[in-house]
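Participant: Let me give you the structure first, and then I'll get to my questions.
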Amino acid sequence: MKYFAGLDIGSTAIKVALVDEEGKIVGVHVSSSGSLFHKNAREALHTLLAQQGVAKDDVRYLIATGYGRKLFKEADDSISEITANAIGAHEVGKAYGGVRTIINIGGQDSKAIQIDDTGNVSNFAMNDKCAAGTGRFLDVAARNLDIDLEELGDYHFNGKGAPLTINSTCTVFAESEIIGLLANGHGKEEIIAGIHYSIAKRTVRLAKRVGIEDRVYFDGGPALNKGLVAAIQDELGRELVVPEYPQTTTAFGAAILARNEFFAETS
Amino acid sequence: MLDHITDDFDDNPAAMDYFYDLFRRAYCQGESLEREGVRVGTTCIHAPEELIYAMGATPVRLCNGSYHYDQIGADFMPAKSCSLVKATLGMLSSENVIPRVGKLDLIVNPTTCDQKKKASAMMVGMGHKVYNLELPPAKESEQARLYWQRSVREFVQQLRSLTGKKLTRKNLTAAMARTSRAQAAFRTLHNFRRKAPSLVLGKDVFLVTNAYFFDDIERWTEAVEKLNAELAQRDQDGFCAAQKKAPRILFTGSPPIFPNLKLPLLIEESGGVVVADETCSANRMLYDMTAVDEWLVNDMVDSLANKYLKPCTCPIFTNNEDRLRRLVELAKSFAVDGVVYQAFSGCQVYEMEQKSVAETLNKAGIAMLYIETDYSPDDMGQLTTRIEAFLESLKTRKRNRK
């Protein structure tokens with residue numbers, strides 16, 4: 001049996017996806033990036049292979065993507081995470097009737113990608129060098145509020161009052177704004193909902209820049225946060241397609257491409 | 001940066017050695033670029049250099065591309081202003097200037113964007129003699145044409161009081177012959193870039209046009225003519241400077257100026273090739289030639305003024321449909337796959353025109369990538385992702401079209 005792997009080395013997490021000859025997903029694995037990108041990426045790959053009982057030599061083609069893609073020299077090829085994300089979302093989106101717009105929020109950037117009906121990127125926009133509206137922003141906020149990242153979604157829906165307004169677009173300034181709101185006795189729930197809406201507004205603006213077409217797919221780690229999903233849906237005025245494993249869409253796209261490249265090269 | 005341009009690419013044209021060496025001497029070894037006689041610094045391509053040459057002075061363009069000077073310039077301008085203006089001010093305020101342009105007898109500052117307008121007083125504050133060459137905010141109207149002609153005539157008077165020379169039909173014709181020869185050499189180089197696969201990389205052409213800022217005009221022209229001869233030979237031999245399928249890029253927006261060539265270099269390192277540009281550090285500076293055919297010297301000056309106003313595609317003008325037309329025309333005639341639009345953060349006019357350019361290109365079926373950046377090297381990771389994704393999408397597009 002031949003297998004193909006996609007390895008997405010992101011700023012916060014390393015995601016691996018394994019597909020078979022038909023391009024069907026075999027397994028995925030997510031682990032923390034840490035500071036030793038290369039070592040952790042290799043370990044993540046080994047862990048997934050061991051879990052699935054796949055021998056290393058059976059992985060015939062591997063494509064690396066994400067910020068650390070150039071560091072992983074063992075890869076057969078590398079590709080930008082925008083292209084990989086488009087391929088992955090196009091494939092996963094088929095089950096939902098096809099997607100044309102992708103919103104991706106990662107550890108240190110957020111992107112909006114428009115794809116055509118074949119999954120090719122037709123336009124995209126990315127945040128500028130600033131962590132506003134990214135996963136890092138949520139990370140900092142959760143730490144300020146002394147709660148776990150995973151709890152953010154629950155807090156979002158439990159507020160008694162309306163979501164507060166977070167005006168600062170800069171992560172560092174927003175941090176002091178949050179502390180100020182806490183000092184004024186505001187509840188964590190309303191603050192969290194406010195943070196989610198502030199990220200949602202920025203993200204939707206980015207998506208409008210590339211042009212929003214149905215359906216809109218939302219992926220990346222922060223897509224696991226139900227509160228953020230709700231806020232983006234509100235701002236967007238339409239439903240989002242959130243896949244079962246939002247973190248691994250890009251790795252899956254790279255794996256599919258690895259499979260296609262392998263057959264293109266051998267035929 | 002220079003080593004990066006020379007050593008990280010194979011098969012650089014031998015005739016490029018002249019330019020690599022020129023930059024190495026001027027920027028790395030601090031060789032003096034001082035010239036005999038009166039030296040006039042310019043802060044924009046709107047200063048008619050034919051007049052400066054005719055009056056016996058030598059122009060030097062001061063627009064600077066260094067991050068180091070950008071940081072110094074932040075003392076004069078708000079932090080969010082354009083890197084180019086800040087870097088130019090930073091350079092002019094420094095004691096040990098790189099490149100060493102030497103003593104400037106006059107700086108001519110065309111009143112283009114707000115930032116350059118306000119930079120004028122700061123240059124005076126540094127002890128420079130500055131002449132504001134007044135430019136109208138529009139270019140189509142008769143009023144604008146007359147206003148600009150008067151400005152240019154005033155500029156002639158200013159030069160006259162500086163050099164003591166009188167402008168004559170003879171010295172103006174001679175000056176125009178010098179710049180025309182340089183422009184003709186540039187046009188030949190420009191036209192070689194139509195070839196597919198490419199004969200020369202964009203990073204080299206940007207370096208060539210950038211050298212025009214400060215090099216001796218005759219020496220520069222000869223070096224470009226040599227490069228052209230080599231490219232003609234390359235063409236005959238069937239040489240390729242880039243892969244056949246390399247996406248062909250048209251570069252527009254804020255000008256790449258050495259050492260800030262990060263974006264063109266990134267494009268070519270990622271497997272694209274810059275085949276044409278619409279920027280004031282290259283094509284816009286050298287493309288439009290003067291063919292003045294008037295009997296009287298005053299009429300010659302007026303025609304020359306027209307040449308500096310009418311065809312200019314700078315976004316400072318109220319109405320700038322010429323730029324849209326020019327971009328579509330360049331994209332089509334150079335078989336371009338995509339356009340990369342660079343705007344320096346704080347350069348509002350380029351930032352604002354981005355939308356209409358994107359819409360126009362989109363309608364013409366040409367993909368565009370908009371990148372807002374500045375002189376700092378810290379966004380390289382993000383830029384790499386964007387450029388690579390853009391080139392990948394262009395390649396897929398091409399494949400699907402077949």
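Identifiers in this document derive from the order of the structure tokens: chains are assigned A, B, ..., residues are numbered from 1 separately in each chain, and ligands are numbered from 1 in order of occurrence.
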Pick out the chain B residues within 9 Å of chain A. Count only C-alpha atoms. Give them as a ChimeraX atom specification.

Facilitator: /B:367-373,378-379,381-382,384-390,392-394,396-397

Participant: Kindly export the residues of the current selection with C-alpha atoms, as a PDB file, in the first residue's frame.

Facilitator:
ATOM      1  CA  ALA B 367      -4.381  38.679 -11.592  1.00  0.00           C
ATOM      2  CA  MET B 368      -2.894  41.186  -9.178  1.00  0.00           C
ATOM      3  CA  LEU B 369      -1.208  40.780  -5.805  1.00  0.00           C
ATOM      4  CA  TYR B 370      -1.231  43.852  -3.580  1.00  0.00           C
ATOM      5  CA  ILE B 371       1.546  44.112  -1.037  1.00  0.00           C
ATOM      6  CA  GLU B 372       1.903  46.811   1.552  1.00  0.00           C
ATOM      7  CA  THR B 373       5.393  46.879   2.986  1.00  0.00           C
ATOM      8  CA  ASP B 378      11.134  41.809   9.268  1.00  0.00           C
ATOM      9  CA  ASP B 379       8.164  40.836   7.090  1.00  0.00           C
ATOM     10  CA  GLY B 381       8.442  35.353   6.149  1.00  0.00           C
ATOM     11  CA  GLN B 382       4.966  36.658   5.407  1.00  0.00           C
ATOM     12  CA  THR B 384       7.511  34.795   0.982  1.00  0.00           C
ATOM     13  CA  THR B 385       4.237  32.982   1.686  1.00  0.00           C
ATOM     14  CA  ARG B 386       2.229  35.529  -0.271  1.00  0.00           C
ATOM     15  CA  ILE B 387       4.545  35.653  -3.264  1.00  0.00           C
ATOM     16  CA  GLU B 388       4.824  31.866  -3.460  1.00  0.00           C
ATOM     17  CA  ALA B 389       1.057  31.412  -3.180  1.00  0.00           C
ATOM     18  CA  PHE B 390       0.529  34.019  -5.907  1.00  0.00           C
ATOM     19  CA  GLU B 392       1.523  28.930  -7.551  1.00  0.00           C
ATOM     20  CA  SER B 393      -1.955  30.218  -8.405  1.00  0.00           C
ATOM     21  CA  LEU B 394      -0.642  31.779 -11.638  1.00  0.00           C
ATOM     22  CA  THR B 396      -2.248  26.533 -11.995  1.00  0.00           C
ATOM     23  CA  ARG B 397      -4.235  29.130 -13.902  1.00  0.00           C
TER      24      ARG B 397
END

Participant: With DSSP run on the backbone, what are the helix (DSSP H, G or I) residues within range 105-188 of chain A? I'd like them as a PDB file with C-alpha atoms, in the first residue's frame.

Facilitator:
ATOM      1  CA  GLY A 135      -4.859  32.933  17.272  1.00  0.00           C
ATOM      2  CA  ARG A 136      -2.120  34.685  19.222  1.00  0.00           C
ATOM      3  CA  PHE A 137      -4.611  37.386  20.155  1.00  0.00           C
ATOM      4  CA  LEU A 138      -6.945  34.789  21.683  1.00  0.00           C
ATOM      5  CA  ASP A 139      -4.014  33.243  23.475  1.00  0.00           C
ATOM      6  CA  VAL A 140      -3.029  36.536  25.091  1.00  0.00           C
ATOM      7  CA  ALA A 141      -6.639  37.352  25.988  1.00  0.00           C
ATOM      8  CA  ALA A 142      -7.228  33.961  27.611  1.00  0.00           C
ATOM      9  CA  ARG A 143      -4.103  34.402  29.672  1.00  0.00           C
ATOM     10  CA  ASN A 144      -5.226  37.889  30.807  1.00  0.00           C
ATOM     11  CA  LEU A 149      -8.100  28.659  25.564  1.00  0.00           C
ATOM     12  CA  GLU A 150     -10.628  25.828  25.211  1.00  0.00           C
ATOM     13  CA  GLU A 151     -13.053  27.521  27.605  1.00  0.00           C
ATOM     14  CA  LEU A 152     -13.398  30.705  25.533  1.00  0.00           C
ATOM     15  CA  GLY A 153     -16.295  29.266  23.514  1.00  0.00           C
ATOM     16  CA  ASP A 154     -18.358  28.397  26.595  1.00  0.00           C
ATOM     17  CA  TYR A 155     -17.862  31.796  28.181  1.00  0.00           C
ATOM     18  CA  HIS A 156     -19.013  33.458  24.940  1.00  0.00           C
ATOM     19  CA  PHE A 157     -22.548  32.098  25.256  1.00  0.00           C
ATOM     20  CA  THR A 171      -2.794  42.806  20.469  1.00  0.00           C
ATOM     21  CA  VAL A 172      -0.626  44.660  22.941  1.00  0.00           C
ATOM     22  CA  PHE A 173      -3.036  47.589  23.320  1.00  0.00           C
ATOM     23  CA  ALA A 174      -6.014  45.240  23.481  1.00  0.00           C
ATOM     24  CA  GLU A 175      -4.328  43.552  26.412  1.00  0.00           C
ATOM     25  CA  SER A 176      -4.347  46.779  28.419  1.00  0.00           C
ATOM     26  CA  GLU A 177      -7.903  47.469  27.280  1.00  0.00           C
ATOM     27  CA  ILE A 178      -8.989  44.073  28.621  1.00  0.00           C
ATOM     28  CA  ILE A 179      -7.256  44.726  31.925  1.00  0.00           C
ATOM     29  CA  GLY A 180      -9.039  48.083  32.074  1.00  0.00           C
ATOM     30  CA  LEU A 181     -12.427  46.444  31.497  1.00  0.00           C
ATOM     31  CA  LEU A 182     -11.722  43.881  34.205  1.00  0.00           C
ATOM     32  CA  ALA A 183     -10.738  46.649  36.599  1.00  0.00           C
ATOM     33  CA  LYS A 188     -15.336  37.815  31.706  1.00  0.00           C
TER      34      LYS A 188
END

Participant: Using only C-alpha atoms, find the one residue out of B:Val38, B:Val328, B:Ala14, B:Ala54 that sits nearest to Asn171 in chain B.

Facilitator: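 Ranked by minimum distance to Asn171 in chain B, first place goes to B:Ala54.
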
Participant: Which residues are near Phe334 in chain B? Cut-off 12 Å, only C-alpha atoms, ignore same chain within fewer than 5 positions. Put them as a ChimeraX atom specification.

Facilitator: /B:190-198,247-251,273-277,326-329,339
